[in-house]
Structures are given as C-alpha cells and as structure tokens.
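Source file: my_file27.txt. Holds: compact mmCIF, C-alpha atoms and all ligand atoms.
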```txt
# COMPACT_ATOMS: atom_id res chain seq x y z
CA MET A 1 31.67 -31.41 -43.18
CA PHE A 2 30.77 -27.91 -41.97
CA ILE A 3 28.08 -27.82 -39.28
CA PRO A 4 26.83 -24.31 -38.44
CA GLY A 5 26.91 -23.43 -34.74
CA TRP A 6 23.12 -23.10 -34.45
CA ALA A 7 22.63 -26.56 -35.97
CA LEU A 8 25.12 -28.02 -33.51
CA CYS A 9 23.17 -26.38 -30.67
CA LEU A 10 19.89 -27.80 -31.95
CA SER A 11 21.22 -31.31 -32.57
CA LEU A 12 22.82 -31.33 -29.13
CA SER A 13 19.51 -30.28 -27.63
CA TRP A 14 17.84 -33.36 -29.10
CA ALA A 15 20.74 -35.51 -27.91
CA VAL A 16 20.44 -34.12 -24.38
CA GLY A 17 16.69 -34.79 -24.36
CA ALA A 18 14.02 -33.01 -22.35
CA GLU A 19 13.32 -35.56 -19.64
CA ALA A 20 13.52 -34.23 -16.07
CA PRO A 21 16.33 -35.94 -14.11
CA LYS A 22 15.63 -37.93 -10.95
CA ARG A 23 15.61 -35.74 -7.86
CA GLU A 24 16.24 -36.33 -4.14
CA PRO A 25 13.63 -35.63 -1.37
CA LEU A 26 15.59 -32.55 -0.42
CA THR A 27 14.85 -28.81 -0.70
CA ALA A 28 17.52 -26.34 -1.75
CA VAL A 29 17.30 -23.07 0.13
CA MET A 30 19.32 -20.24 -1.33
CA GLY A 31 19.95 -16.61 -0.44
CA ALA A 32 22.34 -14.04 -1.87
CA MET A 33 23.84 -12.54 1.28
CA VAL A 34 25.10 -14.18 4.47
CA MET A 35 22.47 -12.16 6.36
CA GLU A 36 19.72 -13.91 4.38
CA VAL A 37 21.00 -17.44 4.94
CA GLU A 38 22.55 -17.41 8.42
CA LEU A 39 19.12 -17.12 10.07
CA LEU A 40 18.31 -20.52 8.61
CA ALA A 41 21.80 -21.99 9.01
CA GLY A 42 21.54 -21.29 12.76
CA GLN A 43 18.49 -23.56 13.00
CA LEU A 44 19.93 -26.47 10.96
CA LYS A 45 20.01 -29.91 12.59
CA ASP A 46 22.75 -32.40 11.67
CA ALA A 47 24.62 -29.72 9.71
CA LYS A 48 27.32 -30.97 7.34
CA GLU A 49 29.56 -28.77 5.23
CA HIS A 50 30.42 -29.39 1.57
CA ALA A 51 32.25 -27.42 -1.13
CA PHE A 52 32.25 -27.68 -4.92
CA SER A 53 34.47 -25.46 -7.06
CA GLY A 54 35.15 -23.49 -3.88
CA VAL A 55 31.44 -22.76 -3.30
CA PRO A 56 30.27 -23.84 0.18
CA PHE A 57 27.00 -25.68 0.82
CA ILE A 58 25.51 -26.98 4.09
CA THR A 59 23.16 -29.94 4.29
CA GLY A 60 20.97 -30.78 7.28
CA THR A 61 17.37 -30.70 8.45
CA LEU A 62 15.22 -27.58 8.82
CA ALA A 63 11.66 -27.69 10.11
CA GLY A 64 11.74 -31.46 9.62
CA ARG A 65 12.69 -31.22 5.92
CA LYS A 66 16.07 -32.29 4.51
CA VAL A 67 17.72 -29.22 2.98
CA VAL A 68 20.84 -27.96 1.32
CA LEU A 69 21.63 -24.33 2.09
CA ALA A 70 23.67 -22.05 -0.14
CA CYS A 71 24.69 -18.44 -0.15
CA SER A 72 25.12 -17.37 -3.79
CA GLY A 73 26.69 -13.95 -3.46
CA SER A 74 25.21 -10.97 -5.29
CA GLY A 75 24.12 -10.76 -8.90
CA LYS A 76 22.93 -13.04 -11.65
CA VAL A 77 26.25 -14.68 -12.53
CA HIS A 78 27.01 -15.71 -8.96
CA ALA A 79 23.44 -16.92 -8.54
CA ALA A 80 23.59 -18.94 -11.78
CA MET A 81 26.94 -20.50 -10.85
CA THR A 82 25.76 -21.50 -7.38
CA THR A 83 22.46 -22.88 -8.67
CA THR A 84 24.17 -24.97 -11.36
CA LEU A 85 26.60 -26.50 -8.85
CA LEU A 86 23.80 -27.08 -6.38
CA LEU A 87 21.46 -28.80 -8.86
CA ASP A 88 24.27 -30.95 -10.27
CA HIS A 89 25.65 -32.13 -6.93
CA PHE A 90 22.56 -32.36 -4.68
CA LYS A 91 19.65 -32.97 -7.12
CA PRO A 92 17.05 -31.20 -4.93
CA ALA A 93 13.35 -31.74 -5.55
CA GLU A 94 12.75 -27.98 -5.44
CA VAL A 95 14.55 -24.69 -4.88
CA LEU A 96 13.43 -21.87 -2.58
CA PHE A 97 15.21 -18.55 -2.82
CA THR A 98 14.83 -16.24 0.20
CA GLY A 99 15.98 -12.69 0.75
CA VAL A 100 15.35 -8.98 0.45
CA ALA A 101 14.22 -6.76 -2.43
CA GLY A 102 13.28 -3.22 -3.34
CA ALA A 103 9.56 -2.46 -3.52
CA ILE A 104 8.34 -1.29 -6.93
CA ASN A 105 4.59 -1.51 -6.31
CA PRO A 106 3.71 1.72 -4.45
CA ALA A 107 1.29 -0.27 -2.25
CA LEU A 108 4.22 -2.18 -0.71
CA ASP A 109 6.25 -1.02 2.26
CA ARG A 110 9.35 -2.21 4.04
CA GLY A 111 8.93 -5.62 5.64
CA ASP A 112 6.20 -6.73 3.21
CA ILE A 113 6.79 -10.01 1.40
CA VAL A 114 6.41 -10.76 -2.30
CA VAL A 115 6.16 -14.39 -3.40
CA ALA A 116 7.01 -14.48 -7.12
CA GLU A 117 4.12 -15.68 -9.26
CA LYS A 118 6.45 -14.98 -12.15
CA ILE A 119 9.92 -13.56 -12.54
CA ALA A 120 11.78 -11.79 -15.36
CA GLN A 121 15.24 -10.39 -15.98
CA HIS A 122 14.69 -6.67 -16.45
CA ASP A 123 18.12 -5.92 -17.91
CA PHE A 124 18.07 -8.43 -20.80
CA GLY A 125 16.93 -6.93 -24.08
CA ASP A 126 17.58 -4.48 -26.91
CA LEU A 127 18.70 -0.90 -26.36
CA THR A 128 18.02 1.20 -29.47
CA THR A 129 17.31 4.83 -30.28
CA GLN A 130 13.69 3.97 -29.36
CA GLY A 131 14.74 3.03 -25.84
CA PHE A 132 15.05 -0.31 -24.03
CA GLU A 133 12.92 -3.25 -25.06
CA PRO A 134 12.96 -6.23 -22.65
CA LYS A 135 13.44 -9.66 -24.26
CA GLY A 136 13.66 -13.03 -22.60
CA PRO A 137 17.16 -14.52 -22.35
CA GLY A 138 18.29 -15.93 -25.71
CA ARG A 139 18.63 -19.53 -26.78
CA ALA A 140 20.75 -21.69 -24.48
CA PRO A 141 23.37 -24.22 -25.75
CA ASN A 142 20.71 -26.94 -25.45
CA GLY A 143 18.55 -25.04 -27.95
CA ARG A 144 15.86 -24.08 -25.44
CA ARG A 145 14.84 -20.44 -25.02
CA PRO A 146 13.33 -19.43 -21.68
CA PRO A 147 10.34 -17.07 -21.75
CA LEU A 148 10.67 -13.44 -20.63
CA PHE A 149 8.55 -14.26 -17.56
CA ILE A 150 9.25 -17.58 -15.88
CA ALA A 151 6.14 -18.68 -14.00
CA SER A 152 6.45 -20.26 -10.57
CA PRO A 153 4.96 -23.76 -10.30
CA LYS A 154 1.39 -23.79 -9.00
CA PRO A 155 1.95 -26.42 -6.26
CA LEU A 156 4.74 -24.32 -4.70
CA LEU A 157 2.63 -21.15 -4.93
CA GLU A 158 -0.26 -22.95 -3.24
CA LEU A 159 2.06 -24.24 -0.54
CA ALA A 160 3.38 -20.70 0.05
CA GLY A 161 -0.21 -19.45 0.30
CA LYS A 162 -1.01 -22.14 2.86
CA ALA A 163 2.23 -21.55 4.79
CA GLY A 164 1.60 -17.79 4.97
CA LYS A 165 -1.86 -18.18 6.52
CA GLY A 166 -1.67 -17.33 10.22
CA LEU A 167 1.94 -16.15 10.07
CA THR A 168 2.48 -12.82 11.78
CA PHE A 169 5.36 -10.41 11.35
CA GLU A 170 6.73 -7.77 13.69
CA LYS A 171 5.64 -4.19 13.04
CA VAL A 172 8.20 -2.16 11.12
CA PRO A 173 8.72 1.42 12.32
CA THR A 174 8.73 3.81 9.34
CA ALA A 175 8.66 7.63 9.07
CA THR A 176 4.90 7.45 8.46
CA GLY A 177 4.13 5.17 11.43
CA GLU A 178 4.30 1.46 12.22
CA HIS A 179 3.73 -0.88 9.31
CA VAL A 180 2.38 -4.40 9.73
CA PRO A 181 4.05 -6.53 7.02
CA ALA A 182 1.81 -8.62 4.78
CA ILE A 183 2.37 -11.31 2.13
CA HIS A 184 1.58 -10.60 -1.53
CA HIS A 185 1.89 -12.81 -4.59
CA GLY A 186 3.19 -10.87 -7.59
CA VAL A 187 5.86 -10.04 -10.15
CA ILE A 188 9.55 -9.92 -9.28
CA VAL A 189 12.17 -8.57 -11.67
CA THR A 190 15.89 -9.24 -11.54
CA GLY A 191 18.89 -7.32 -12.85
CA ASP A 192 22.54 -6.68 -12.09
CA VAL A 193 21.83 -3.31 -10.56
CA PHE A 194 20.79 -2.00 -7.15
CA VAL A 195 17.86 0.27 -8.03
CA SER A 196 17.88 3.54 -6.16
CA SER A 197 16.12 5.66 -8.76
CA PRO A 198 12.49 6.83 -8.94
CA ALA A 199 12.75 6.95 -12.78
CA LYS A 200 13.95 3.31 -13.06
CA LYS A 201 11.34 2.26 -10.50
CA ALA A 202 8.57 3.84 -12.63
CA GLU A 203 9.99 2.15 -15.76
CA LEU A 204 10.04 -1.30 -14.09
CA ARG A 205 6.43 -0.82 -13.00
CA LYS A 206 5.38 0.22 -16.52
CA GLN A 207 7.38 -2.36 -18.51
CA PHE A 208 6.89 -5.42 -16.29
CA ASN A 209 4.10 -4.48 -13.86
CA ALA A 210 6.78 -5.34 -11.30
CA ASP A 211 6.05 -5.51 -7.60
CA ALA A 212 9.65 -5.93 -6.45
CA VAL A 213 13.19 -5.77 -7.82
CA GLU A 214 16.24 -7.80 -6.79
CA MET A 215 19.47 -9.15 -8.27
CA GLU A 216 19.43 -12.97 -8.33
CA GLY A 217 15.99 -14.61 -8.52
CA GLY A 218 15.61 -14.47 -12.31
CA ALA A 219 18.94 -16.22 -12.82
CA VAL A 220 18.06 -18.99 -10.35
CA ALA A 221 14.64 -19.42 -11.99
CA GLN A 222 16.26 -19.61 -15.44
CA ILE A 223 18.65 -22.41 -14.42
CA CYS A 224 15.80 -24.27 -12.70
CA TRP A 225 13.58 -23.81 -15.79
CA HIS A 226 16.28 -25.42 -17.94
CA GLN A 227 16.66 -28.35 -15.59
CA GLN A 228 12.92 -28.65 -14.88
CA VAL A 229 13.31 -28.15 -11.15
CA PRO A 230 10.44 -26.32 -9.39
CA CYS A 231 11.63 -22.98 -8.05
CA LEU A 232 10.03 -20.30 -5.87
CA VAL A 233 11.50 -16.87 -5.08
CA ILE A 234 10.43 -15.22 -1.82
CA ARG A 235 11.50 -11.67 -1.05
CA SER A 236 10.79 -9.19 1.71
CA MET A 237 11.13 -5.46 1.08
CA SER A 238 14.21 -3.78 2.56
CA ASP A 239 13.61 -0.52 0.67
CA LYS A 240 11.46 1.16 -1.94
CA ALA A 241 14.06 1.30 -4.76
CA ASP A 242 13.91 5.10 -4.58
CA ALA A 243 16.39 7.83 -3.64
CA SER A 244 16.42 6.56 -0.01
CA ALA A 245 16.98 2.91 -0.99
CA ALA A 246 20.61 2.67 0.11
CA LEU A 247 19.81 4.17 3.55
CA ASP A 248 16.64 2.10 3.94
CA PHE A 249 18.59 -1.03 3.05
CA VAL A 250 20.91 -0.44 6.02
CA SER A 251 17.94 0.06 8.38
CA PHE A 252 15.52 -2.61 7.12
CA ALA A 253 17.48 -5.41 5.41
CA GLU A 254 17.73 -7.42 8.61
CA VAL A 255 14.03 -7.36 9.46
CA ALA A 256 13.19 -8.05 5.80
CA ALA A 257 15.57 -11.03 5.71
CA GLN A 258 13.90 -12.34 8.88
CA ASN A 259 10.40 -12.04 7.39
CA SER A 260 11.40 -13.88 4.24
CA ALA A 261 13.15 -16.59 6.27
CA LYS A 262 10.04 -17.01 8.44
CA LEU A 263 7.83 -17.73 5.44
CA THR A 264 10.51 -20.02 3.99
CA MET A 265 10.58 -22.03 7.25
CA ALA A 266 6.78 -22.35 7.18
CA ILE A 267 6.96 -23.67 3.59
CA LEU A 268 9.66 -26.19 4.62
CA GLU A 269 7.41 -27.37 7.45
CA LEU A 270 4.67 -28.15 4.93
CA LEU A 271 7.13 -29.83 2.55
CA ALA A 272 8.23 -32.06 5.45
CA LYS A 273 4.68 -33.31 6.01
CA PRO A 274 3.88 -36.53 4.17
CA PRO A 275 1.03 -36.07 1.68
CA ALA A 276 -2.40 -36.97 3.04
CA PRO A 277 -3.44 -40.54 2.15
CA PRO A 278 -6.10 -40.84 -0.55
CA PRO A 279 -9.67 -41.04 0.82
CA LYS A 280 -10.89 -44.59 1.58
CA PRO A 281 -13.47 -45.96 -0.83
CA GLN A 282 -17.00 -45.95 0.72
N1 LIG B 301 17.68 -5.76 -3.17
C1 LIG B 301 17.18 -5.03 -2.15
N2 LIG B 301 16.85 -3.80 -2.55
C2 LIG B 301 17.14 -3.72 -3.86
C3 LIG B 301 17.05 -2.70 -4.82
N3 LIG B 301 16.58 -1.51 -4.51
N4 LIG B 301 17.46 -2.98 -6.08
C4 LIG B 301 17.93 -4.20 -6.41
N5 LIG B 301 18.06 -5.18 -5.52
C5 LIG B 301 17.67 -4.96 -4.26
```
Could you show the structure in this file as structure tokens?
Amino acid sequence: MFIPGWALCLSLSWAVGAEAPKREPLTAVMGAMVMEVELLAGQLKDAKEHAFSGVPFITGTLAGRKVVLACSGSGKVHAAMTTTLLLDHFKPAEVLFTGVAGAINPALDRGDIVVAEKIAQHDFGDLTTQGFEPKGPGRAPNGRRPPLFIASPKPLLELAGKAGKGLTFEKVPTATGEHVPAIHHGVIVTGDVFVSSPAKKAELRKQFNADAVEMEGGAVAQICWHQQVPCLVIRSMSDKADASAALDFVSFAEVAAQNSAKLTMAILELLAKPPAPPPKPQ
C-alpha cells in the first residue's frame, strides 16, 4: 500500500503523542561561544563532565540550582543539535540561553539586556520578486508546525523580571559617553548571519519589530517548543548590528556576556528557592 509522505508524518505525530515528557529538577544553561559560558562554568560547584556525540556538557550546581551547562557553537544548526542532545540526555525542567546580540531597537546601546518575550527566525521564509516574506519554520516530522514567533513562557518571564530588579551593571564607555546598561523585555530575531548592515537592521525592525538579533536563540526555542520545555533567551548587546558591528563586537562582547550571565545567575538563584508554602487557612 502506498502511503504519501505527509500522511506518514501526520500518523507518526499521533503515534508520538503530545504529552510533555517527565523532566528533572535541573536547569539547562546554554551559550553559543566559550566566552558566554565560561563565566558560569567558573562558578560551578561539583562540576562533572559528560559528552554525547562528541558534544561536551558539564553538570553541577550554580547559585544553589542544579544545572547542565553547554556551549552550542555558532548558528542555528549547532544550537539545534546541542539542544536536542541536551534535552534527550538530561531532561531539564527549563532552558536558559545566555549571550550577546546586536541591537536593532535604536533605543538600545551596548551592554543593555534584552529578555526575549518572543523569538523568531528572521531568515526562514519566501524570497520572490516581491522581496522576502518571513514564514515560521515548516511542519516538523511529528506533524507540528511552530509559529513564526515563539512566545517565552510567562512564569520564566516573570522570574526574569523579579531577578532583574535591583541588579546593577557596570557603566559601558561608548563614543557618546558612559552608558548604564538596563534590562528590557522584547523581540529577539535569529538567523545564520552576523548582521553588520544598516539596511538589514532597518528591515528587521520593520518586519519583526525586533529589538535584538543573534544566531541561535530561535533554533533553541524551536526545539524546546517541540518538546514542550520552557525556554528563555537572554541577550546583552555587544554591538548595534550596523557598519561598526564587527569592531564593536571585539570591544564589547565580553562586558555584554558578563551582563547576560549576571541576570542568568540571578534567575538561577530564584529557581533554586523552594516555592512559598500556600497560605494557612484562617
Ligand atoms: N551576535 C552579536 N552581534 C550580532 C549581530 N550583529 N548579528 C548577529 N548576531 C550577533
């Protein structure tokens, strides 16, 4: 009997089922570059190394919370591969992605932090004579199609808001004076390209109302969406995605990575706290 491919996909999706798998009380913390992860790895207690398919992971305790740390490498494919291995082998309760990004919102400067309220892949879509039209990633083998914008879960956003209160960041010296970094909640877009172009920056602002652009978060969010694992992407601005982006990246990536790691640590501290007991009946 001939079964068309799409029907096979759909029937498999029913067979796989939509129930979220059981998860461990453990937070996955990911970053793309060594620079983004080593700040956290240096503070790990009871560190233990693991490797799956040649990809290294470190488990331990950070800010009182059990974690698994991973450095994905750059780009969406590396990020997707690392996330899939991580979710399969460690079954974390949630995933935090920390690192640097290019600022798209003109109100943002280097050192500022964007916590993704929602995240989209900006390079997935149709290119026609009319131009580029963004589309969400297509249907996966399990039959499910992620939306163009993947929303971050409310409880993690609220936790990030709480964790950010009272946090202070070192002033960043820029050509226009010292900038005091602040935390924003907004839109992050992801693509396999380092944006160093005022024209692309304007397009990302217009098409997605993007606040920041990076190269991994959308892929991590897509894998987590499929596996129903809460995911939050946190990025600090290393550059403004303009003609000076490559130079700015060299000067500001380190301080940006530190700012993002600082907020991530504060979120882990809150995740480590046991939930408050329910109020006693009167
Ligand atoms: N990560 C940091 N800066 C970036 C940029 N300008 N484009 C894409 N990813 C980035």
Show me which residues sit within 7 Å of ligand LIG 301 (chain B) when counting only C-alpha atoms and all ligand atoms, and put them as a PDB file with C-alpha atoms, keeping the file's coordinate frame.
```
ATOM      1  CA  VAL A 100      15.350  -8.980   0.450  1.00  0.00           C
ATOM      2  CA  ALA A 101      14.220  -6.760  -2.430  1.00  0.00           C
ATOM      3  CA  GLY A 102      13.280  -3.220  -3.340  1.00  0.00           C
ATOM      4  CA  VAL A 193      21.830  -3.310 -10.560  1.00  0.00           C
ATOM      5  CA  PHE A 194      20.790  -2.000  -7.150  1.00  0.00           C
ATOM      6  CA  VAL A 195      17.860   0.270  -8.030  1.00  0.00           C
ATOM      7  CA  SER A 196      17.880   3.540  -6.160  1.00  0.00           C
ATOM      8  CA  VAL A 213      13.190  -5.770  -7.820  1.00  0.00           C
ATOM      9  CA  GLU A 214      16.240  -7.800  -6.790  1.00  0.00           C
ATOM     10  CA  MET A 215      19.470  -9.150  -8.270  1.00  0.00           C
ATOM     11  CA  MET A 237      11.130  -5.460   1.080  1.00  0.00           C
ATOM     12  CA  SER A 238      14.210  -3.780   2.560  1.00  0.00           C
ATOM     13  CA  ASP A 239      13.610  -0.520   0.670  1.00  0.00           C
ATOM     14  CA  LYS A 240      11.460   1.160  -1.940  1.00  0.00           C
ATOM     15  CA  ALA A 241      14.060   1.300  -4.760  1.00  0.00           C
ATOM     16  CA  ALA A 245      16.980   2.910  -0.990  1.00  0.00           C
ATOM     17  CA  PHE A 249      18.590  -1.030   3.050  1.00  0.00           C
TER      18      PHE A 249
END
```
How close does each residue of stretch 79-121 of chain A get to stretch 35-49 of chain A, giving the shortest atom pair and distance in Å to one decimal for every residue with an atom at most 10 Å away, counting all atoms listed in the file, sorted by chain and residue number, as CSV?
```
residue,atom,partner,partner_atom,distance
A:Phe97,CA,A:Glu36,CA,9.7
A:Thr98,CA,A:Glu36,CA,6.8
A:Gly99,CA,A:Glu36,CA,5.4
A:Val100,CA,A:Glu36,CA,7.7
```
Note to self: I want to know what sits within 6 Å of stretch 219-232 of chain A, based on all atoms listed in the file, with residues of the same chain fewer than 6 positions away left out; could you give that as a list in words?
What the structure shows: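 Close residues of stretch 219-232 of chain A: Ala20, Lys76, Ala80, Glu94, Val95, Leu96 and Ser152 of chain A.
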Next item on the list: Do a neighbour search on A:Arg110 at 10 Å with only C-alpha atoms, toss out local chain neighbours closer than 2 positions, and write the hits as a list in words.
Entry: Val100, Ala101, Gly102, Ala103, Leu108, Asp112, Ile113, Lys171, Val172, Pro173, Thr174, His179, Val180, Pro181, Ala182, Ser236, Met237, Ser238, Asp239, Lys240, Asp248, Phe249, Ser251, Phe252, Ala253, Val255 and Ala256 of chain A
Any chance you could export the current selection's C-alpha atoms as a CSV table (one decimal), in the coordinates of the input?
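As a result, again_37.csv now contains:
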```csv
chain,number,residue,atom,x,y,z
A,100,VAL,CA,15.4,-9.0,0.4
A,101,ALA,CA,14.2,-6.8,-2.4
A,102,GLY,CA,13.3,-3.2,-3.3
A,103,ALA,CA,9.6,-2.5,-3.5
A,108,LEU,CA,4.2,-2.2,-0.7
A,112,ASP,CA,6.2,-6.7,3.2
A,113,ILE,CA,6.8,-10.0,1.4
A,171,LYS,CA,5.6,-4.2,13.0
A,172,VAL,CA,8.2,-2.2,11.1
A,173,PRO,CA,8.7,1.4,12.3
A,174,THR,CA,8.7,3.8,9.3
A,179,HIS,CA,3.7,-0.9,9.3
A,180,VAL,CA,2.4,-4.4,9.7
A,181,PRO,CA,4.0,-6.5,7.0
A,182,ALA,CA,1.8,-8.6,4.8
A,236,SER,CA,10.8,-9.2,1.7
A,237,MET,CA,11.1,-5.5,1.1
A,238,SER,CA,14.2,-3.8,2.6
A,239,ASP,CA,13.6,-0.5,0.7
A,240,LYS,CA,11.5,1.2,-1.9
A,248,ASP,CA,16.6,2.1,3.9
A,249,PHE,CA,18.6,-1.0,3.0
A,251,SER,CA,17.9,0.1,8.4
A,252,PHE,CA,15.5,-2.6,7.1
A,253,ALA,CA,17.5,-5.4,5.4
A,255,VAL,CA,14.0,-7.4,9.5
A,256,ALA,CA,13.2,-8.0,5.8
```
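Atom CA of A:Gly186 lies 15.9 Å from atom CA of A:Lys162.
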Notebook entry, point to check: Rounded to one decimal in Å, what is the spacing between atom CA of A:Lys262 and atom CA of A:Gly164?
Noted result: 9.2 Å
Item checked: Long-range neighbours of A:Leu159 as a ChimeraX atom specification, 9 Å cut-off, all atoms listed in the file, 5 positions minimum in chain -> /A:154,164,267,270-271
Name all residues at most 8 Å from A:Leu148 (count only C-alpha atoms; drop same-chain ones fewer than 6 positions away) and give them as a short mmCIF file (atom, residue, chain, number, x, y, z; two decimals) with C-alpha atoms, in the frame of the given file.
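As written to disk, out13.cif reads:
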```
data_model
loop_
_atom_site.label_atom_id
_atom_site.label_comp_id
_atom_site.auth_asym_id
_atom_site.auth_seq_id
_atom_site.Cartn_x
_atom_site.Cartn_y
_atom_site.Cartn_z
CA ALA A 120 11.78 -11.79 -15.36
CA GLN A 121 15.24 -10.39 -15.98
CA PRO A 134 12.96 -6.23 -22.65
CA LYS A 135 13.44 -9.66 -24.26
CA GLY A 136 13.66 -13.03 -22.60
CA PRO A 137 17.16 -14.52 -22.35
#
```
Notebook entry, point to check: What's the 7 Å shell around A:Glu269, counting all atoms listed in the file, without same-chain residues fewer than 3 positions away, as a ChimeraX atom specification?
Noted result: /A:63-65,265-266,272-273
Margin query: Restricting the calculation to only C-alpha atoms: of A:Ala116, A:Leu268, A:Val68, A:Ile183, which residue gets closest to A:Gly217?
Written below: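 Closest to A:Gly217 of all the choices is A:Ala116.
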